[in-house]
Structures are given as structure tokens and as C-alpha cells.
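See below for the structure under consideration.
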Amino acid sequence: MIVPVKVCAGTSCHLLGNQEIIDVLENMPAQYQNCIMVGFTSCFGACEQGPCVLVSDKLIYQATPEKVIQAIKEELRSKK
Amino acid sequence: MSGLSEIIVIKRKVLKELATLAWQDRMKEIDSLPRKLTNDGITNYRCCEYRERAILTDRIKLGMGAILEENDDVRLSSLVKDLNTLKNREQTLPIVSIIEKACDRCPIDKMVVTNACRNCVAHNCLNACPREAIEIVNNRAYINKELCVECGLCVKACRFGAILEIERPCSRACAVGAISPGENSSAKIDHEKCVECGACIAACPFGAISDRSEILQVIAFLKAESFPTKALVAPSIAGQFGPMVDWSRLVSGLKKLGFSEVIPVALGADQVGKEESQELRERQTEGEALFNSCCPSFKNLIEKNFSSLATHLSKTKSPMLVTAEMVRKADPNAKTVFIGPCLAKKGEAKRSGIDLIDAVLTFEELAAILVAAEINLAECKPVEEKIVGGIPSARGINFARSGGVMTAVTGDDQGAKVKSISASGIKECLELLTKVSKGIEAYDFVEGMGCEGGCIGGPGTLVNTKVAARALRKTTENKGEDQFAS
């Protein structure tokens, strides 16, 4: 199965550090590379609480690489 | 710049909130901003909220462009007036500043014996010390600071690794040795030595070093109606605003913000490349070396530390100033704002560009203003119009990365006949210049960049050097009209 991950690439989320999350997603270990599909969006409408990342249908506020990876892992586990 | 620390996030939040107040004409609320920031979650880093707010107040002061030493007991609201009447920009140096309240006064003893010392029989440390500075006290090695010359031999000698060599991160990061402990042991910058590279800002884990910003001046320019304000954007812009923002969206967003025109500084770089190339030919016939002058940190480094080499510096103006000249020629009334990754450009603008550049913003500061104005570049409609002043070449754009200036200046045809080298990061530049000044190595052309990787590794960037390098490559590989469009 594939987990869709959408990172907000809007200017506000960018200022608050989405790049770090994008970096981590692009450099995931091989076993995860094939299970996620990374995309971008211009805004989730929650700029004050950025960076925002959507993992499947779960929107993560004040996202960090750790939070996003955790959510991806949970998603993979629940759908196995 | 790599890795996004808490320090960077705090700085960006402060700039964003400050820009928001200015953009919405709510500067009279400025005195309550530190409280708002702690309420919003910037807290728990220090002993108490009061200390946190005192530090935030200083960060805001720097964001407002104030000099901390001169405005220690001043309320934020009283600085608002001062800045509006600020005329003489020459007096507003220096750029890099210590936030004394945030400085943790890290230990200054270089050699420290730790608990791992077992008072062993061999006492290698004692035997290694050339100054007999080590004795055994309370079952443990003790270093007499009066005698210690910080040679580090004991550190190497101990089989347990029980002696640490500690250096303050700021001092370690500063290749020119401009930072040392001041009277009260907090860090102090010797501005006679500082080359404004910004390495110390990134290095301090307490965020106790920062730079003064001109975001308030720029917002005032953008709101004024009596003159146009033009954005001069450095070539290192590629990829800085994320995967969804290309040149055309950037231009669209900057126009929405109030800039009348957006001019790529790569155009100036193209001209600089040609002029320096000519200069190189002339110098070569005279048997003289040529150094690039486009990086203000590198230039500062030579002028402050290698004055004997200063004659080798290119007489050509930097791409920022060359581009500003073009803009001024076309419109003498316009205000010019340089937008780049660089702190040293803030200094350069004040020292040698006083008539050409009205303000300097980093990419980071620009992003703060955009967010304050609620402009999302990722959602801006791309503009169709042509780039003002023509399309810069890949060579001009590559000034943004280490080696790019060298390629532009030495060119393909000269390449074989010119002995050239490039160094990036002040430490590497320092090592190279030391060799050149001593006559150990000789070159026809020396390219020096104050930041590792070149401008794309600058302290005011929004993405790490690797991402920026990739975006830059993509920009220069696209040929023709649309090379700036992706």
C-alpha cells in the first residue's frame, strides 16, 4: 500500500520550517521510499499552526520530521 | 545553512510578528509583543518568563535595526520613532550583535578534567604537560590555569579521554578570532576583526548572536506612495521559497507586496564576469594575481587580515552595486532593496553602496514580510511579462555557488592558461590566503566565498545548501527564455 503525504509548501509553512520535513521525506530509508508518495500543496488554511503536513487523511499541525514519520508508521501499521 | 534549530524558528517568529505589526500599522502595540510571543509558546528555554521576555525584547530590537548597546534600557515603542528619523545610515554599523542577556557565558577554561579521571598510576597527563601545570589534587588531575598554555598535549595523552578540550562554539566558528570573552565573560565581538560572515550566529546554541534587520525600513518604503521601490534579487534565490515557487511566482508575489519591479542581480553578475575577465587579462600581462571582490566577507577578510594582498582585489564593483547602478540610471527616484542570503551585504551596502542601495533583506526576512502581508508565493499567479533588463546567463546565475565566479571570469578560452582556485567558507579562505601571502602558492585568479558552498550556503537562506544547489542547477540547465521560470 501507498501512504500519500502532502506537505504544505506555502510561504508561511516554509518560513516555519517545512524544508526540514521535505528533506527527511526525500531521504527516507529504502523500505519507506516505496510506501509513501510525497506531494505538495499551497495551503491547508492553518498558517498560524504550521508547518502543516497531511498524512493520508490526518492533518499534522506544527509538524516536525519525527511527528510525520510517526504518523506514516502508524498509517502503514493500521492498513497492513 | 543546514538543519532548522529552535533558535532559527524563534528568530523567524519574532521577525514575522514584528513585520505583522508594522504591516498592519499597529506598531503602538510593540511593547506587548514579547509577552505575546511567550504566550504563543516561546517559553521554557530560560530560568523564567521574565528573562525570556527580556531576551525576546532584544531580539525585537535587532529586528527593528537598533544597536543593542545604545538602547539597553529603552522601551521598544520609543525605538519606533527613532527609526523613522534615522537618516545617517553610515552610523548604523555593525551588523552582527551579541544579545548579552541570552549569552550563557560558556566556560572559558579550555582544558577541563572530567569525572572520568581515575587518578591512574601512569599519570600520562602529568608527564605530557610541558609546563608542569598538572598536579594531583583530591585523587584527580588538576590543571593550574596560571601555568596552562592550552597546548592540548594532556588531552591526547590521557588513555581514558578524561580531559576535554572545550571551546566556546562562537569562538570556534569564528575563523578570524573576532570573538572572545568580554569583561563579564559574555561573548564580545571585535568589530575591527569581524568579517560579517555570520558563522557565529549559526554556531551559538543559545541564539545569543544575531544580526540587525531592516524590515521596518523596507515596509515603510513599500507603503510610501511618493517613490517606487525596486527589488534586486540575488541569483541564490533559486529554490529558496520551496518546491512550488519559481521566479515568475516570486515576481508576482513581490509586486503584490508593493515592489514596482523585480530585477535579477544575475544581470549585474554577467557584467561583473565580463569586466573581471578583462581585468584578469590585464593583470596577467603584469604578472599580478586577481581576487574576486563580489563577496564582501572575503573582501573584509583580505582588507582586515591580509592588507598586503589588498591590491589584488578586483576593482570591479559587486553584482549588487552594478545592478543597483542600472536600476538607478533608469529611475533615479526609486528605492533599491537588495534581497539575498547574505549578512555581509548589509555591511557592504552601508560602506560602499550608500548611494546605491537603500536597504538589504535576507531571504528569511523577506519571507517574514510576505507572511505578515498574507502573501503566499505558492498561490501567486505567475506573471507573463519578461524579465526587466534582459535574461541573465547561466554564468551570471552561477555566481551564487562556489566556483561560479571563477568559471565566469576565467572563461572557457582562458581556462587552460589561467591558474585559478576557489575557496569557500572563511576558514578555507583564510588558509588559502595564508599560503598565497607567504608565497607558498601562487595563482592568477583566486575566488573566495565567505560561506561554505558559496552564497547558497549563506546565513540568510531558507533551504539547506544541497537543496539550493539542486535548484540552482535546474535553473541554469534550462535554456532560453524560460530558464528563469523553473
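Each chain of the C-alpha cells is named A, B, ... in the order shown, its residues numbered from 1; ligands are numbered from 1 in display order.
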Give the helix (DSSP H, G or I) residues of range 63-308 of chain B, as assigned by DSSP on the backbone, as number ranges by chain. B: 63, 68-70, 76-85, 89-92, 124-128, 153-157, 169-173, 199-203, 215-223, 235-237, 247-257, 266-286, 296-305, 307-308
For the residues in the current selection, export C-alpha atoms as a JSON list (two decimals), in the first residue's frame.
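Generated output (part.json):
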[["chain", "number", "residue", "atom", "x", "y", "z"],
["B", 63, "GLY", "CA", 14.71, 43.12, 14.18],
["B", 68, "LEU", "CA", 21.61, 46.95, 21.50],
["B", 69, "GLU", "CA", 24.47, 48.60, 23.38],
["B", 70, "GLU", "CA", 22.96, 52.03, 22.83],
["B", 76, "LEU", "CA", 10.51, 49.17, 22.22],
["B", 77, "SER", "CA", 7.91, 51.84, 21.49],
["B", 78, "SER", "CA", 10.44, 54.63, 21.84],
["B", 79, "LEU", "CA", 12.60, 52.98, 19.17],
["B", 80, "VAL", "CA", 9.78, 53.22, 16.65],
["B", 81, "LYS", "CA", 10.18, 56.97, 16.50],
["B", 82, "ASP", "CA", 13.96, 56.82, 16.37],
["B", 83, "LEU", "CA", 13.96, 54.53, 13.39],
["B", 84, "ASN", "CA", 11.68, 56.81, 11.43],
["B", 85, "THR", "CA", 14.09, 59.68, 11.87],
["B", 89, "ARG", "CA", 22.89, 55.05, 7.76],
["B", 90, "GLU", "CA", 26.68, 55.05, 7.88],
["B", 91, "GLN", "CA", 26.45, 55.31, 11.61],
["B", 92, "THR", "CA", 24.34, 52.23, 11.87],
["B", 124, "ASN", "CA", 50.32, 10.34, 31.31],
["B", 125, "CYS", "CA", 48.77, 13.79, 31.52],
["B", 126, "LEU", "CA", 51.27, 14.89, 34.09],
["B", 127, "ASN", "CA", 54.17, 13.55, 32.08],
["B", 128, "ALA", "CA", 52.88, 15.06, 28.84],
["B", 153, "LEU", "CA", 49.02, 17.56, 24.94],
["B", 154, "CYS", "CA", 47.33, 16.28, 28.12],
["B", 155, "VAL", "CA", 44.09, 15.76, 26.19],
["B", 156, "LYS", "CA", 45.90, 13.49, 23.77],
["B", 157, "ALA", "CA", 47.92, 11.77, 26.49],
["B", 169, "PRO", "CA", 31.04, 27.44, 19.86],
["B", 170, "CYS", "CA", 31.08, 31.10, 18.82],
["B", 171, "SER", "CA", 34.84, 31.42, 19.13],
["B", 172, "ARG", "CA", 35.38, 28.09, 17.39],
["B", 173, "ALA", "CA", 33.14, 29.13, 14.49],
["B", 199, "ALA", "CA", 29.16, 31.85, 11.11],
["B", 200, "CYS", "CA", 28.91, 32.67, 14.84],
["B", 201, "ILE", "CA", 25.17, 33.31, 14.57],
["B", 202, "ALA", "CA", 24.61, 29.79, 13.30],
["B", 203, "ALA", "CA", 27.04, 28.33, 15.81],
["B", 215, "ILE", "CA", 12.50, 45.02, 7.64],
["B", 216, "LEU", "CA", 10.83, 48.12, 9.12],
["B", 217, "GLN", "CA", 12.57, 50.42, 6.65],
["B", 218, "VAL", "CA", 11.55, 48.17, 3.76],
["B", 219, "ILE", "CA", 7.93, 48.03, 4.91],
["B", 220, "ALA", "CA", 7.95, 51.83, 5.16],
["B", 221, "PHE", "CA", 9.29, 52.03, 1.58],
["B", 222, "LEU", "CA", 6.62, 49.65, 0.32],
["B", 223, "LYS", "CA", 3.87, 51.66, 1.95],
["B", 235, "PRO", "CA", 20.88, 34.63, -8.02],
["B", 236, "SER", "CA", 20.92, 32.35, -4.97],
["B", 237, "ILE", "CA", 17.12, 32.79, -4.90],
["B", 247, "TRP", "CA", 10.94, 33.08, -10.49],
["B", 248, "SER", "CA", 7.68, 34.05, -12.10],
["B", 249, "ARG", "CA", 5.63, 33.40, -8.95],
["B", 250, "LEU", "CA", 8.22, 35.25, -6.89],
["B", 251, "VAL", "CA", 7.93, 38.30, -9.13],
["B", 252, "SER", "CA", 4.16, 38.12, -8.90],
["B", 253, "GLY", "CA", 4.27, 37.97, -5.10],
["B", 254, "LEU", "CA", 6.82, 40.76, -4.74],
["B", 255, "LYS", "CA", 4.71, 43.02, -6.94],
["B", 256, "LYS", "CA", 1.69, 42.26, -4.84],
["B", 257, "LEU", "CA", 3.76, 43.22, -1.81],
["B", 266, "ALA", "CA", 22.50, 37.88, -12.03],
["B", 267, "LEU", "CA", 22.32, 40.60, -14.71],
["B", 268, "GLY", "CA", 24.87, 42.60, -12.76],
["B", 269, "ALA", "CA", 26.85, 39.42, -12.26],
["B", 270, "ASP", "CA", 27.01, 38.93, -16.02],
["B", 271, "GLN", "CA", 28.57, 42.36, -16.37],
["B", 272, "VAL", "CA", 30.94, 41.75, -13.45],
["B", 273, "GLY", "CA", 32.04, 38.47, -15.06],
["B", 274, "LYS", "CA", 32.94, 40.26, -18.27],
["B", 275, "GLU", "CA", 34.70, 43.17, -16.55],
["B", 276, "GLU", "CA", 36.69, 40.95, -14.21],
["B", 277, "SER", "CA", 37.64, 38.76, -17.13],
["B", 278, "GLN", "CA", 39.10, 41.82, -18.86],
["B", 279, "GLU", "CA", 40.81, 42.82, -15.62],
["B", 280, "LEU", "CA", 42.29, 39.34, -15.34],
["B", 281, "ARG", "CA", 43.87, 39.64, -18.79],
["B", 282, "GLU", "CA", 45.41, 42.97, -17.86],
["B", 283, "ARG", "CA", 46.71, 41.68, -14.54],
["B", 284, "GLN", "CA", 48.11, 38.58, -16.19],
["B", 285, "THR", "CA", 50.23, 40.65, -18.55],
["B", 286, "GLU", "CA", 51.54, 42.48, -15.48],
["B", 296, "PRO", "CA", 32.00, 41.23, 0.96],
["B", 297, "SER", "CA", 33.13, 38.77, 3.65],
["B", 298, "PHE", "CA", 36.09, 37.65, 1.55],
["B", 299, "LYS", "CA", 36.88, 41.27, 0.81],
["B", 300, "ASN", "CA", 36.66, 42.15, 4.51],
["B", 301, "LEU", "CA", 38.92, 39.20, 5.30],
["B", 302, "ILE", "CA", 41.61, 40.46, 2.93],
["B", 303, "GLU", "CA", 41.35, 44.09, 3.97],
["B", 304, "LYS", "CA", 41.43, 43.27, 7.68],
["B", 305, "ASN", "CA", 43.85, 40.34, 7.78],
["B", 307, "SER", "CA", 46.37, 44.06, 3.81],
["B", 308, "SER", "CA", 49.44, 43.22, 1.72]]
request  = Identify every residue of chain A that has at least one atom within 12 Å of any atom of chain B, counting only C-alpha atoms, and report the result as a PyMOL selection string.
outcome  = chain A and resi 7-24+26-27+38-45+47-51+62+64-65
Could you write those residues out with N, CA and C atoms, as an mmCIF file, in the first residue's frame?
data_model
loop_
_atom_site.group_PDB
_atom_site.id
_atom_site.type_symbol
_atom_site.label_atom_id
_atom_site.label_comp_id
_atom_site.auth_asym_id
_atom_site.auth_seq_id
_atom_site.Cartn_x
_atom_site.Cartn_y
_atom_site.Cartn_z
ATOM 1 N N VAL A 7 2.836 17.834 1.794
ATOM 2 C CA VAL A 7 3.478 18.860 2.613
ATOM 3 C C VAL A 7 3.022 20.225 2.130
ATOM 4 N N CYS A 8 2.654 21.093 3.059
ATOM 5 C CA CYS A 8 2.292 22.451 2.662
ATOM 6 C C CYS A 8 3.551 23.194 2.267
ATOM 7 N N ALA A 9 3.576 23.724 1.051
ATOM 8 C CA ALA A 9 4.737 24.471 0.558
ATOM 9 C C ALA A 9 4.417 25.963 0.489
ATOM 10 N N GLY A 10 3.418 26.392 1.238
ATOM 11 C CA GLY A 10 3.072 27.815 1.298
ATOM 12 C C GLY A 10 4.174 28.591 2.005
ATOM 13 N N THR A 11 4.185 29.910 1.809
ATOM 14 C CA THR A 11 5.288 30.717 2.330
ATOM 15 C C THR A 11 5.363 30.675 3.852
ATOM 16 N N SER A 12 4.193 30.637 4.511
ATOM 17 C CA SER A 12 4.197 30.626 5.974
ATOM 18 C C SER A 12 4.792 29.329 6.521
ATOM 19 N N CYS A 13 4.330 28.205 5.998
ATOM 20 C CA CYS A 13 4.878 26.912 6.444
ATOM 21 C C CYS A 13 6.353 26.794 6.076
ATOM 22 N N HIS A 14 6.707 27.417 4.956
ATOM 23 C CA HIS A 14 8.110 27.388 4.539
ATOM 24 C C HIS A 14 8.977 28.132 5.544
ATOM 25 N N LEU A 15 8.495 29.297 5.970
ATOM 26 C CA LEU A 15 9.236 30.100 6.954
ATOM 27 C C LEU A 15 9.379 29.334 8.266
ATOM 28 N N LEU A 16 8.346 28.574 8.612
ATOM 29 C CA LEU A 16 8.367 27.874 9.894
ATOM 30 C C LEU A 16 9.057 26.509 9.810
ATOM 31 N N GLY A 17 9.587 26.174 8.644
ATOM 32 C CA GLY A 17 10.467 25.014 8.599
ATOM 33 C C GLY A 17 9.977 23.772 7.880
ATOM 34 N N ASN A 18 9.148 23.922 6.834
ATOM 35 C CA ASN A 18 8.716 22.719 6.122
ATOM 36 C C ASN A 18 9.873 22.032 5.392
ATOM 37 N N GLN A 19 10.926 22.817 5.080
ATOM 38 C CA GLN A 19 12.020 22.263 4.295
ATOM 39 C C GLN A 19 12.679 21.072 4.986
ATOM 40 N N GLU A 20 12.763 21.177 6.297
ATOM 41 C CA GLU A 20 13.381 20.095 7.053
ATOM 42 C C GLU A 20 12.591 18.795 6.874
ATOM 43 N N ILE A 21 11.266 18.945 6.836
ATOM 44 C CA ILE A 21 10.396 17.773 6.675
ATOM 45 C C ILE A 21 10.528 17.217 5.255
ATOM 46 N N ILE A 22 10.543 18.112 4.276
ATOM 47 C CA ILE A 22 10.700 17.676 2.888
ATOM 48 C C ILE A 22 12.018 16.905 2.729
ATOM 49 N N ASP A 23 13.072 17.465 3.324
ATOM 50 C CA ASP A 23 14.389 16.813 3.257
ATOM 51 C C ASP A 23 14.330 15.390 3.773
ATOM 52 N N VAL A 24 13.718 15.241 4.938
ATOM 53 C CA VAL A 24 13.652 13.923 5.555
ATOM 54 C C VAL A 24 12.825 12.969 4.694
ATOM 55 N N GLU A 26 12.364 13.068 1.506
ATOM 56 C CA GLU A 26 13.063 12.725 0.270
ATOM 57 C C GLU A 26 14.233 11.780 0.510
ATOM 58 N N ASN A 27 14.661 11.704 1.759
ATOM 59 C CA ASN A 27 15.803 10.845 2.057
ATOM 60 C C ASN A 27 15.434 9.707 3.003
ATOM 61 N N VAL A 38 5.055 11.443 -1.907
ATOM 62 C CA VAL A 38 5.152 12.811 -1.399
ATOM 63 C C VAL A 38 4.651 13.806 -2.430
ATOM 64 N N GLY A 39 3.771 14.675 -1.980
ATOM 65 C CA GLY A 39 3.273 15.736 -2.856
ATOM 66 C C GLY A 39 3.250 17.052 -2.102
ATOM 67 N N PHE A 40 2.935 18.128 -2.802
ATOM 68 C CA PHE A 40 2.902 19.437 -2.161
ATOM 69 C C PHE A 40 1.557 20.098 -2.370
ATOM 70 N N THR A 41 1.244 20.994 -1.451
ATOM 71 C CA THR A 41 0.045 21.802 -1.626
ATOM 72 C C THR A 41 0.385 23.222 -1.203
ATOM 73 N N SER A 42 -0.399 24.188 -1.644
ATOM 74 C CA SER A 42 -0.012 25.569 -1.380
ATOM 75 C C SER A 42 -0.539 26.097 -0.052
ATOM 76 N N CYS A 43 -1.578 25.480 0.509
ATOM 77 C CA CYS A 43 -2.061 25.931 1.819
ATOM 78 C C CYS A 43 -3.129 24.987 2.374
ATOM 79 N N PHE A 44 -3.054 24.733 3.674
ATOM 80 C CA PHE A 44 -4.103 23.957 4.341
ATOM 81 C C PHE A 44 -5.026 24.867 5.160
ATOM 82 N N GLY A 45 -4.763 26.177 5.100
ATOM 83 C CA GLY A 45 -5.589 27.127 5.838
ATOM 84 C C GLY A 45 -5.341 27.148 7.333
ATOM 85 N N CYS A 47 -2.219 28.437 8.716
ATOM 86 C CA CYS A 47 -0.869 29.008 8.691
ATOM 87 C C CYS A 47 -0.283 29.269 10.083
ATOM 88 N N GLU A 48 -1.140 29.691 11.018
ATOM 89 C CA GLU A 48 -0.655 30.001 12.367
ATOM 90 C C GLU A 48 -0.066 28.775 13.052
ATOM 91 N N GLN A 49 -0.490 27.591 12.587
ATOM 92 C CA GLN A 49 -0.058 26.373 13.262
ATOM 93 C C GLN A 49 0.887 25.523 12.423
ATOM 94 N N GLY A 50 1.552 26.185 11.467
ATOM 95 C CA GLY A 50 2.452 25.460 10.585
ATOM 96 C C GLY A 50 3.740 25.058 11.255
ATOM 97 N N PRO A 51 4.553 24.257 10.580
ATOM 98 C CA PRO A 51 4.285 23.677 9.267
ATOM 99 C C PRO A 51 3.204 22.590 9.321
ATOM 100 N N GLN A 62 2.004 21.997 13.386
ATOM 101 C CA GLN A 62 3.351 22.175 13.951
ATOM 102 C C GLN A 62 4.193 20.925 13.716
ATOM 103 N N THR A 64 6.894 18.195 12.703
ATOM 104 C CA THR A 64 8.333 18.004 12.749
ATOM 105 C C THR A 64 8.602 16.710 11.993
ATOM 106 N N PRO A 65 9.842 16.466 11.575
ATOM 107 C CA PRO A 65 10.125 15.196 10.900
ATOM 108 C C PRO A 65 9.690 14.002 11.759
#
Of B:Cys342, B:Val446, B:Ser424, B:Thr476, the one nearest to Arg395 in chain B when counting only C-alpha atoms is B:Thr476
Task: Which of range 22-153 of chain B DSSP labels strand (DSSP E), written as an NGL selection string - done: :B and (96-98 or 111-113 or 134-137 or 140-143)
